[in-house]
file coords10.cif (mmCIF, C-alpha atoms)
data_coords
#
loop_
_atom_site.label_atom_id
_atom_site.label_comp_id
_atom_site.auth_asym_id
_atom_site.auth_seq_id
_atom_site.Cartn_x
_atom_site.Cartn_y
_atom_site.Cartn_z
CA LYS W 18 -5.97 10.57 -54.82
CA GLU W 19 -3.55 8.67 -57.01
CA PRO W 20 -0.21 7.73 -55.41
CA SER W 21 2.81 9.79 -56.39
CA ALA W 22 6.58 9.49 -56.21
CA ASP W 23 6.38 11.34 -52.87
CA ASP W 24 4.32 8.55 -51.25
CA VAL W 25 5.57 5.55 -49.28
CA LEU W 26 4.08 2.03 -49.37
CA LEU W 27 4.71 -0.51 -46.59
CA THR W 28 3.56 -4.14 -46.74
CA THR W 29 3.61 -6.19 -43.55
CA HIS W 30 2.64 -9.54 -45.10
CA LEU W 31 1.18 -11.11 -48.21
CA HIS W 32 -2.44 -11.83 -47.20
CA ALA W 33 -4.94 -10.43 -49.69
CA ASP W 34 -6.35 -7.88 -47.22
CA HIS W 35 -2.86 -6.36 -46.87
CA TYR W 36 -1.27 -6.88 -50.28
CA LEU W 37 -2.44 -6.20 -53.85
CA LYS W 38 0.26 -7.22 -56.32
CA ASP W 39 -0.90 -4.99 -59.19
CA PHE W 40 -0.94 -1.95 -56.91
CA VAL W 41 2.47 -2.77 -55.44
CA ASP W 42 4.01 -3.36 -58.88
CA THR W 43 2.82 0.00 -60.23
CA PHE W 44 3.32 2.09 -57.08
CA PRO W 45 5.50 5.08 -58.07
CA GLY W 46 6.96 5.98 -54.65
CA ARG W 47 9.35 4.41 -52.18
CA LYS W 48 8.33 1.04 -50.75
CA ILE W 49 9.30 -1.73 -48.37
CA ILE W 50 7.52 -4.95 -49.31
CA MET W 51 8.01 -7.93 -46.99
CA THR W 52 11.66 -7.27 -46.29
CA THR W 53 13.91 -5.50 -43.82
CA GLY W 54 15.23 -2.09 -44.71
CA THR W 55 15.00 1.61 -44.03
CA ILE W 56 13.52 4.58 -45.80
CA ASP W 57 15.08 7.82 -44.56
CA LEU W 58 13.40 11.00 -45.81
CA PRO W 59 13.66 14.57 -44.47
CA ASP W 60 10.45 14.32 -42.40
CA VAL W 61 10.14 10.58 -41.73
CA LYS W 62 12.31 7.56 -41.09
CA ILE W 63 10.83 4.07 -41.48
CA THR W 64 12.54 0.87 -40.41
CA ALA W 65 11.23 -2.64 -41.12
CA ILE W 66 11.77 -5.35 -38.49
CA VAL W 67 11.31 -9.10 -38.97
CA SER W 68 8.40 -10.64 -37.04
CA ALA W 69 6.14 -13.69 -37.24
CA HIS W 70 2.53 -13.98 -38.33
CA LEU W 71 2.07 -17.21 -36.38
CA PRO W 72 3.71 -18.08 -33.05
CA ASN W 73 6.18 -20.61 -34.48
CA ASP W 74 7.01 -18.90 -37.78
CA PRO W 75 10.74 -18.26 -38.35
CA LEU W 76 12.30 -14.93 -37.40
CA ASP W 77 14.52 -14.94 -40.44
CA ALA W 78 14.34 -12.12 -42.99
CA ALA W 79 14.33 -14.55 -45.93
CA LYS W 80 11.45 -16.63 -44.50
CA ALA W 81 9.59 -14.06 -42.36
CA THR W 82 5.80 -14.03 -42.48
CA ASP W 83 5.26 -10.54 -41.02
CA PHE W 84 7.18 -7.30 -40.68
CA LEU W 85 6.83 -4.51 -38.13
CA PHE W 86 7.35 -0.92 -39.22
CA VAL W 87 8.89 1.65 -36.89
CA ILE W 88 7.91 5.10 -38.19
CA GLU W 89 9.65 8.14 -36.73
CA THR W 90 7.98 11.42 -37.66
CA GLY W 91 6.94 14.66 -35.98
CA ASP W 92 8.81 13.71 -32.78
CA LEU W 93 6.62 10.58 -32.52
CA ARG W 94 7.61 6.93 -32.70
CA ILE W 95 4.83 4.89 -34.30
CA VAL W 96 4.98 1.13 -34.70
CA HIS W 97 2.68 -0.77 -37.03
CA PHE W 98 2.67 -4.42 -35.95
CA GLY W 99 0.91 -5.81 -39.01
CA ASP W 100 -0.62 -9.18 -38.14
CA CYS W 101 2.15 -10.21 -35.76
CA GLY W 102 1.15 -13.34 -33.83
CA GLN W 103 4.35 -13.93 -31.88
CA LEU W 104 3.81 -14.98 -28.29
CA SER W 105 6.50 -12.52 -27.21
CA PHE W 106 9.15 -10.29 -28.72
CA THR W 107 12.85 -11.11 -28.60
CA PRO W 108 15.31 -8.75 -26.86
CA GLU W 109 16.61 -7.78 -30.30
CA GLN W 110 13.12 -6.88 -31.53
CA LEU W 111 12.38 -4.88 -28.38
CA ALA W 112 15.61 -2.93 -28.80
CA ALA W 113 14.71 -2.12 -32.42
CA ILE W 114 11.12 -1.20 -31.49
CA GLY W 115 12.25 1.16 -28.72
CA ALA W 116 9.95 3.51 -26.79
CA VAL W 117 6.59 3.57 -28.60
CA ASP W 118 4.25 6.56 -28.68
CA LEU W 119 1.62 4.89 -30.89
CA ALA W 120 1.11 1.17 -31.55
CA VAL W 121 -1.16 0.08 -34.39
CA THR W 122 -1.86 -3.56 -33.57
CA GLN W 123 -4.32 -6.43 -33.24
CA PHE W 124 -5.92 -8.29 -30.32
CA SER W 125 -8.09 -10.88 -32.04
CA ASN W 126 -7.29 -12.54 -35.35
CA SER W 127 -7.77 -16.23 -36.07
CA PHE W 128 -5.17 -16.03 -38.86
CA SER W 129 -2.57 -15.06 -36.23
CA MET W 130 -3.92 -17.39 -33.54
CA MET W 131 -4.71 -14.37 -31.31
CA ASP W 132 -7.77 -14.17 -29.09
CA ALA W 133 -9.12 -13.31 -25.65
CA THR W 134 -8.14 -16.73 -24.30
CA ASN W 135 -4.41 -16.62 -25.09
CA ARG W 136 -4.17 -12.80 -24.75
CA THR W 137 -1.20 -12.73 -27.12
CA GLY W 138 -1.84 -9.15 -28.24
CA PHE W 139 -2.04 -7.96 -24.64
CA HIS W 140 1.21 -9.73 -23.77
CA GLN W 141 2.88 -8.03 -26.75
CA MET W 142 1.64 -4.60 -25.65
CA GLY W 143 2.74 -5.37 -22.09
CA GLN W 144 6.27 -5.83 -23.41
CA VAL W 145 6.19 -2.73 -25.61
CA LYS W 146 4.26 -0.41 -23.23
CA PRO W 147 3.09 2.10 -25.85
CA ARG W 148 1.51 5.39 -24.81
CA LEU W 149 -1.43 4.93 -27.21
CA ILE W 150 -2.85 1.88 -29.01
CA ILE W 151 -5.08 1.92 -32.09
CA PRO W 152 -6.38 -1.64 -32.56
CA THR W 153 -6.89 -3.05 -36.05
CA HIS W 154 -8.33 -6.56 -35.43
CA TYR W 155 -10.39 -7.11 -32.28
CA ASP W 156 -13.72 -8.43 -31.02
CA ARG W 157 -16.02 -7.87 -28.07
CA ALA W 158 -14.11 -10.27 -25.81
CA THR W 159 -10.76 -8.58 -26.41
CA LEU W 160 -12.28 -5.12 -25.95
CA GLU W 161 -13.63 -6.29 -22.59
CA ILE W 162 -10.07 -7.20 -21.58
CA ALA W 163 -8.78 -3.85 -22.88
CA ALA W 164 -11.45 -2.03 -20.85
CA GLY W 165 -10.02 -3.56 -17.69
CA LEU W 166 -6.45 -2.59 -18.56
CA TRP W 167 -6.45 0.89 -20.09
CA PRO W 168 -8.52 4.05 -20.30
CA GLY W 169 -10.24 4.37 -23.64
CA PHE W 170 -10.98 7.13 -26.12
CA TYR W 171 -13.03 7.18 -29.31
CA THR W 172 -13.28 9.38 -32.34
CA LYS W 173 -16.04 9.33 -34.94
CA THR W 174 -13.55 10.39 -37.60
CA ARG W 175 -11.38 8.16 -39.75
CA THR W 176 -8.27 10.24 -39.15
CA VAL W 177 -6.61 11.88 -36.16
CA THR W 178 -3.76 14.32 -35.78
CA LEU W 179 -1.24 13.39 -33.10
CA SER W 180 1.55 15.34 -31.49
CA PRO W 181 3.85 14.39 -28.61
CA ASP W 182 1.67 16.54 -26.31
CA SER W 183 -1.63 14.93 -27.38
CA VAL W 184 -0.55 11.34 -26.72
CA PRO W 185 -1.35 10.19 -23.15
CA GLU W 186 1.58 9.43 -20.84
CA LYS W 187 0.10 6.09 -19.70
CA THR W 188 -1.06 3.40 -22.10
CA SER W 189 -4.51 4.22 -23.49
CA LEU W 190 -6.68 2.86 -26.29
CA LEU W 191 -8.13 4.87 -29.18
CA LEU W 192 -11.08 3.34 -31.05
CA MET W 193 -11.94 4.96 -34.34
CA GLY W 194 -15.42 5.07 -35.87
CA ALA W 195 -18.97 5.98 -34.85
CA GLU W 196 -19.93 2.43 -33.78
CA TYR W 197 -18.42 3.09 -30.36
CA THR W 198 -21.13 5.62 -29.55
CA VAL W 199 -24.19 3.91 -31.05
CA GLY W 200 -23.32 0.28 -31.79
CA PRO W 201 -22.80 -2.91 -29.78
CA TYR W 202 -19.63 -1.59 -28.14
CA ALA W 203 -21.21 1.62 -26.82
CA SER W 204 -22.13 0.19 -23.41
CA LEU W 205 -19.01 -1.97 -23.11
CA TYR W 206 -16.31 0.59 -22.80
CA LYS W 207 -16.64 3.95 -21.02
CA LEU W 208 -14.95 6.02 -23.68
CA ALA W 209 -13.99 9.66 -23.58
CA GLU W 210 -14.09 11.59 -26.82
CA TRP W 211 -10.63 12.13 -28.31
CA LYS W 212 -9.80 15.83 -28.46
#
call {"tool": "encode", "arguments": {"input": "coords10.cif", "output": "structure tokens"}}
result
Amino acid sequence: KEPSADDVLLTTHLHADHYLKDFVDTFPGRKIIMTTGTIDLPDVKITAIVSAHLPNDPLDAAKATDFLFVIETGDLRIVHFGDCGQLSFTPEQLAAIGAVDLAVTQFSNSFSMMDATNRTGFHQMGQVKPRLIIPTHYDRATLEIAAGLWPGFYTKTRTVTLSPDSVPEKTSLLLMGAEYTVGPYASLYKLAEWK
């Protein structure tokens, strides 16, 4: 489906797997591209927050290397953390992030200096305490840590429908894709099927 003026485009940072200049330049809808700001529509409100791709990157809007997006829709608060590699969030960031129903985040990413040894992603989620986490970048070692921290669910589908009632009260992990039932992760994590 081609994008329309009704669509929204959010860009967390400028790495090639997250940003395609030609697409951004021709996108017909509303967008927040590597900057702070808010999009407030009748059914969704999106707020961009400065963050850092690497632990020592500046937390300054003009020089920021990553942006978090707080998405409020359908009585849910969703936060996309991009490739945030900060060791911890500031009090100001935590106040802006607020109570999180769904976190879309990473646990292992060499470009953000995150791995099972430093546990940066787990420290971040410990600060935020989301009800549900969908990981984007991870590996076997970080999933082993996750298995010891949170109950896990899987879905074979590429999409899920969430409501406030369907999101667990205590932090849980949702892995998406069939590899969790037949691939190398199948025996690692005792996953319940997402309903």
call {"tool": "residues_around", "arguments": {"input": "coords10.cif", "residues": "W:Gln144", "least_positions_apart": "4", "cutoff": "12 Å", "atoms": "all atoms listed in the file", "output": "list in words"}}
result
Gln103, Leu104, Ser105, Phe106, Thr107, Pro108, Gln110, Leu111, Ala112, Ile114, Gly115, Ala116, Val117, Ala120, Thr137, Gly138, Phe139, His140 and Thr188 of chain W
call {"tool": "residues_around", "arguments": {"input": "coords10.cif", "residues": "W:Ser125", "least_positions_apart": "3", "cutoff": "6 Å", "atoms": "all atoms listed in the file", "output": "ChimeraX atom specification"}}
result
/W:131-132,154-155
call {"tool": "atom_distance", "arguments": {"input": "coords10.cif", "atom1": "atom CA of W:Pro152", "atom2": "atom CA of W:Thr43"}}
result
29.2 Å
call {"tool": "resolve_selection", "arguments": {"input": "coords10.cif", "expression": "the PyMOL selection byres ((chain W and resi 129) around 8)", "output": "list in words"}}
result
His70, Leu71, Pro72, Asp100, Cys101, Gly102, Asn126, Ser127, Phe128, Met130 and Met131 of chain W
call {"tool": "atom_distance", "arguments": {"input": "coords10.cif", "atom1": "atom CA of W:Arg157", "atom2": "atom CA of W:Val96"}}
result
23.8 Å
call {"tool": "closest_residue", "arguments": {"input": "coords10.cif", "among": "W:Gly194, W:Pro147, W:Gly91, W:Gly169", "to": "W:Asp60", "atoms": "only C-alpha atoms"}}
result
W:Gly91
call {"tool": "resolve_selection", "arguments": {"input": "coords10.cif", "expression": "the PyMOL selection byres ((chain W and resi 159-164) around 7)", "output": "PyMOL selection string"}}
result
chain W and resi 124-125+132-133+155-158+165-168+205-206
call {"tool": "residues_around", "arguments": {"input": "coords10.cif", "residues": "W:Thr28", "least_positions_apart": "6", "cutoff": "12 Å", "atoms": "all atoms listed in the file", "output": "short mmCIF file (atom, residue, chain, number, x, y, z; two decimals) with C-alpha atoms, in the coordinates of the input"}}
result
data_model
loop_
_atom_site.label_atom_id
_atom_site.label_comp_id
_atom_site.auth_asym_id
_atom_site.auth_seq_id
_atom_site.Cartn_x
_atom_site.Cartn_y
_atom_site.Cartn_z
CA ASP W 34 -6.35 -7.88 -47.22
CA HIS W 35 -2.86 -6.36 -46.87
CA TYR W 36 -1.27 -6.88 -50.28
CA LEU W 37 -2.44 -6.20 -53.85
CA LYS W 38 0.26 -7.22 -56.32
CA PHE W 40 -0.94 -1.95 -56.91
CA VAL W 41 2.47 -2.77 -55.44
CA ARG W 47 9.35 4.41 -52.18
CA LYS W 48 8.33 1.04 -50.75
CA ILE W 49 9.30 -1.73 -48.37
CA ILE W 50 7.52 -4.95 -49.31
CA MET W 51 8.01 -7.93 -46.99
CA THR W 52 11.66 -7.27 -46.29
CA THR W 53 13.91 -5.50 -43.82
CA ALA W 65 11.23 -2.64 -41.12
CA ILE W 66 11.77 -5.35 -38.49
CA THR W 82 5.80 -14.03 -42.48
CA ASP W 83 5.26 -10.54 -41.02
CA PHE W 84 7.18 -7.30 -40.68
CA LEU W 85 6.83 -4.51 -38.13
CA PHE W 86 7.35 -0.92 -39.22
CA HIS W 97 2.68 -0.77 -37.03
CA PHE W 98 2.67 -4.42 -35.95
CA GLY W 99 0.91 -5.81 -39.01
CA ASP W 100 -0.62 -9.18 -38.14
#
call {"tool": "atom_distance", "arguments": {"input": "coords10.cif", "atom1": "atom CA of W:Lys212", "atom2": "atom CA of W:Ile63"}}
result
27.1 Å
call {"tool": "build_atoms", "arguments": {"input": "coords10.cif", "residues": "stretch 35-46 of chain W", "atoms": "all heavy atoms", "output": "PDB file, keeping the file's coordinate frame"}}
result
ATOM      1  N   HIS W  35      -3.990  -7.249 -47.134  1.00  0.00           N
ATOM      2  CA  HIS W  35      -2.860  -6.360 -46.870  1.00  0.00           C
ATOM      3  C   HIS W  35      -1.995  -6.133 -48.109  1.00  0.00           C
ATOM      4  O   HIS W  35      -1.141  -5.253 -48.087  1.00  0.00           O
ATOM      5  CB  HIS W  35      -1.970  -6.944 -45.769  1.00  0.00           C
ATOM      6  CG  HIS W  35      -2.614  -6.966 -44.437  1.00  0.00           C
ATOM      7  ND1 HIS W  35      -2.325  -6.038 -43.459  1.00  0.00           N
ATOM      8  CD2 HIS W  35      -3.547  -7.794 -43.906  1.00  0.00           C
ATOM      9  CE1 HIS W  35      -3.045  -6.296 -42.378  1.00  0.00           C
ATOM     10  NE2 HIS W  35      -3.788  -7.363 -42.631  1.00  0.00           N
ATOM     11  N   TYR W  36      -2.188  -6.912 -49.143  1.00  0.00           N
ATOM     12  CA  TYR W  36      -1.270  -6.880 -50.280  1.00  0.00           C
ATOM     13  C   TYR W  36      -2.051  -7.048 -51.581  1.00  0.00           C
ATOM     14  O   TYR W  36      -2.837  -7.984 -51.731  1.00  0.00           O
ATOM     15  CB  TYR W  36      -0.254  -8.016 -50.142  1.00  0.00           C
ATOM     16  CG  TYR W  36       0.692  -8.174 -51.308  1.00  0.00           C
ATOM     17  CD1 TYR W  36       1.795  -7.337 -51.443  1.00  0.00           C
ATOM     18  CD2 TYR W  36       0.489  -9.159 -52.266  1.00  0.00           C
ATOM     19  CE1 TYR W  36       2.671  -7.481 -52.498  1.00  0.00           C
ATOM     20  CE2 TYR W  36       1.368  -9.314 -53.338  1.00  0.00           C
ATOM     21  CZ  TYR W  36       2.457  -8.469 -53.446  1.00  0.00           C
ATOM     22  OH  TYR W  36       3.316  -8.610 -54.499  1.00  0.00           O
ATOM     23  N   LEU W  37      -1.832  -6.129 -52.518  1.00  0.00           N
ATOM     24  CA  LEU W  37      -2.440  -6.200 -53.850  1.00  0.00           C
ATOM     25  C   LEU W  37      -1.301  -6.056 -54.863  1.00  0.00           C
ATOM     26  O   LEU W  37      -0.747  -4.969 -55.052  1.00  0.00           O
ATOM     27  CB  LEU W  37      -3.480  -5.095 -54.016  1.00  0.00           C
ATOM     28  CG  LEU W  37      -4.236  -5.058 -55.324  1.00  0.00           C
ATOM     29  CD1 LEU W  37      -5.013  -6.350 -55.560  1.00  0.00           C
ATOM     30  CD2 LEU W  37      -5.176  -3.859 -55.348  1.00  0.00           C
ATOM     31  N   LYS W  38      -0.935  -7.173 -55.475  1.00  0.00           N
ATOM     32  CA  LYS W  38       0.260  -7.220 -56.320  1.00  0.00           C
ATOM     33  C   LYS W  38       0.259  -6.148 -57.405  1.00  0.00           C
ATOM     34  O   LYS W  38       1.267  -5.470 -57.613  1.00  0.00           O
ATOM     35  CB  LYS W  38       0.404  -8.604 -56.949  1.00  0.00           C
ATOM     36  CG  LYS W  38       1.699  -8.765 -57.749  1.00  0.00           C
ATOM     37  CD  LYS W  38       1.827 -10.144 -58.341  1.00  0.00           C
ATOM     38  CE  LYS W  38       3.126 -10.391 -59.059  1.00  0.00           C
ATOM     39  NZ  LYS W  38       3.674  -9.315 -59.839  1.00  0.00           N
ATOM     40  N   ASP W  39      -0.856  -5.981 -58.112  1.00  0.00           N
ATOM     41  CA  ASP W  39      -0.900  -4.990 -59.190  1.00  0.00           C
ATOM     42  C   ASP W  39      -0.631  -3.578 -58.668  1.00  0.00           C
ATOM     43  O   ASP W  39       0.063  -2.790 -59.308  1.00  0.00           O
ATOM     44  CB  ASP W  39      -2.255  -5.022 -59.904  1.00  0.00           C
ATOM     45  CG  ASP W  39      -2.447  -6.298 -60.713  1.00  0.00           C
ATOM     46  OD1 ASP W  39      -1.451  -6.995 -60.982  1.00  0.00           O
ATOM     47  OD2 ASP W  39      -3.599  -6.600 -61.077  1.00  0.00           O
ATOM     48  N   PHE W  40      -1.171  -3.267 -57.494  1.00  0.00           N
ATOM     49  CA  PHE W  40      -0.940  -1.950 -56.910  1.00  0.00           C
ATOM     50  C   PHE W  40       0.529  -1.798 -56.510  1.00  0.00           C
ATOM     51  O   PHE W  40       1.157  -0.774 -56.788  1.00  0.00           O
ATOM     52  CB  PHE W  40      -1.848  -1.745 -55.690  1.00  0.00           C
ATOM     53  CG  PHE W  40      -1.698  -0.403 -55.050  1.00  0.00           C
ATOM     54  CD1 PHE W  40      -2.290   0.712 -55.612  1.00  0.00           C
ATOM     55  CD2 PHE W  40      -0.946  -0.239 -53.886  1.00  0.00           C
ATOM     56  CE1 PHE W  40      -2.140   1.977 -55.039  1.00  0.00           C
ATOM     57  CE2 PHE W  40      -0.790   1.004 -53.302  1.00  0.00           C
ATOM     58  CZ  PHE W  40      -1.397   2.115 -53.877  1.00  0.00           C
ATOM     59  N   VAL W  41       1.071  -2.813 -55.866  1.00  0.00           N
ATOM     60  CA  VAL W  41       2.470  -2.770 -55.440  1.00  0.00           C
ATOM     61  C   VAL W  41       3.395  -2.605 -56.648  1.00  0.00           C
ATOM     62  O   VAL W  41       4.320  -1.789 -56.636  1.00  0.00           O
ATOM     63  CB  VAL W  41       2.844  -4.039 -54.644  1.00  0.00           C
ATOM     64  CG1 VAL W  41       4.348  -4.140 -54.417  1.00  0.00           C
ATOM     65  CG2 VAL W  41       2.105  -4.065 -53.314  1.00  0.00           C
ATOM     66  N   ASP W  42       3.138  -3.375 -57.701  1.00  0.00           N
ATOM     67  CA  ASP W  42       4.010  -3.360 -58.880  1.00  0.00           C
ATOM     68  C   ASP W  42       4.015  -2.003 -59.588  1.00  0.00           C
ATOM     69  O   ASP W  42       5.019  -1.624 -60.195  1.00  0.00           O
ATOM     70  CB  ASP W  42       3.588  -4.444 -59.867  1.00  0.00           C
ATOM     71  CG  ASP W  42       3.927  -5.843 -59.370  1.00  0.00           C
ATOM     72  OD1 ASP W  42       4.674  -5.966 -58.376  1.00  0.00           O
ATOM     73  OD2 ASP W  42       3.412  -6.815 -59.969  1.00  0.00           O
ATOM     74  N   THR W  43       2.906  -1.272 -59.518  1.00  0.00           N
ATOM     75  CA  THR W  43       2.820   0.000 -60.230  1.00  0.00           C
ATOM     76  C   THR W  43       2.980   1.212 -59.315  1.00  0.00           C
ATOM     77  O   THR W  43       2.925   2.346 -59.780  1.00  0.00           O
ATOM     78  CB  THR W  43       1.472   0.112 -60.970  1.00  0.00           C
ATOM     79  OG1 THR W  43       0.405   0.033 -60.011  1.00  0.00           O
ATOM     80  CG2 THR W  43       1.326  -0.988 -62.014  1.00  0.00           C
ATOM     81  N   PHE W  44       3.199   0.981 -58.030  1.00  0.00           N
ATOM     82  CA  PHE W  44       3.320   2.090 -57.080  1.00  0.00           C
ATOM     83  C   PHE W  44       4.545   2.932 -57.423  1.00  0.00           C
ATOM     84  O   PHE W  44       5.660   2.415 -57.515  1.00  0.00           O
ATOM     85  CB  PHE W  44       3.435   1.542 -55.656  1.00  0.00           C
ATOM     86  CG  PHE W  44       3.432   2.599 -54.607  1.00  0.00           C
ATOM     87  CD1 PHE W  44       2.249   3.198 -54.209  1.00  0.00           C
ATOM     88  CD2 PHE W  44       4.623   3.020 -54.015  1.00  0.00           C
ATOM     89  CE1 PHE W  44       2.250   4.189 -53.244  1.00  0.00           C
ATOM     90  CE2 PHE W  44       4.635   4.013 -53.048  1.00  0.00           C
ATOM     91  CZ  PHE W  44       3.439   4.603 -52.674  1.00  0.00           C
ATOM     92  N   PRO W  45       4.383   4.253 -57.591  1.00  0.00           N
ATOM     93  CA  PRO W  45       5.500   5.080 -58.070  1.00  0.00           C
ATOM     94  C   PRO W  45       6.467   5.570 -57.003  1.00  0.00           C
ATOM     95  O   PRO W  45       7.547   6.067 -57.329  1.00  0.00           O
ATOM     96  CB  PRO W  45       4.770   6.283 -58.692  1.00  0.00           C
ATOM     97  CG  PRO W  45       3.519   6.412 -57.888  1.00  0.00           C
ATOM     98  CD  PRO W  45       3.123   4.994 -57.524  1.00  0.00           C
ATOM     99  N   GLY W  46       6.112   5.442 -55.718  1.00  0.00           N
ATOM    100  CA  GLY W  46       6.960   5.980 -54.650  1.00  0.00           C
ATOM    101  C   GLY W  46       7.900   4.964 -54.056  1.00  0.00           C
ATOM    102  O   GLY W  46       8.121   3.873 -54.597  1.00  0.00           O
TER     103      GLY W  46
END
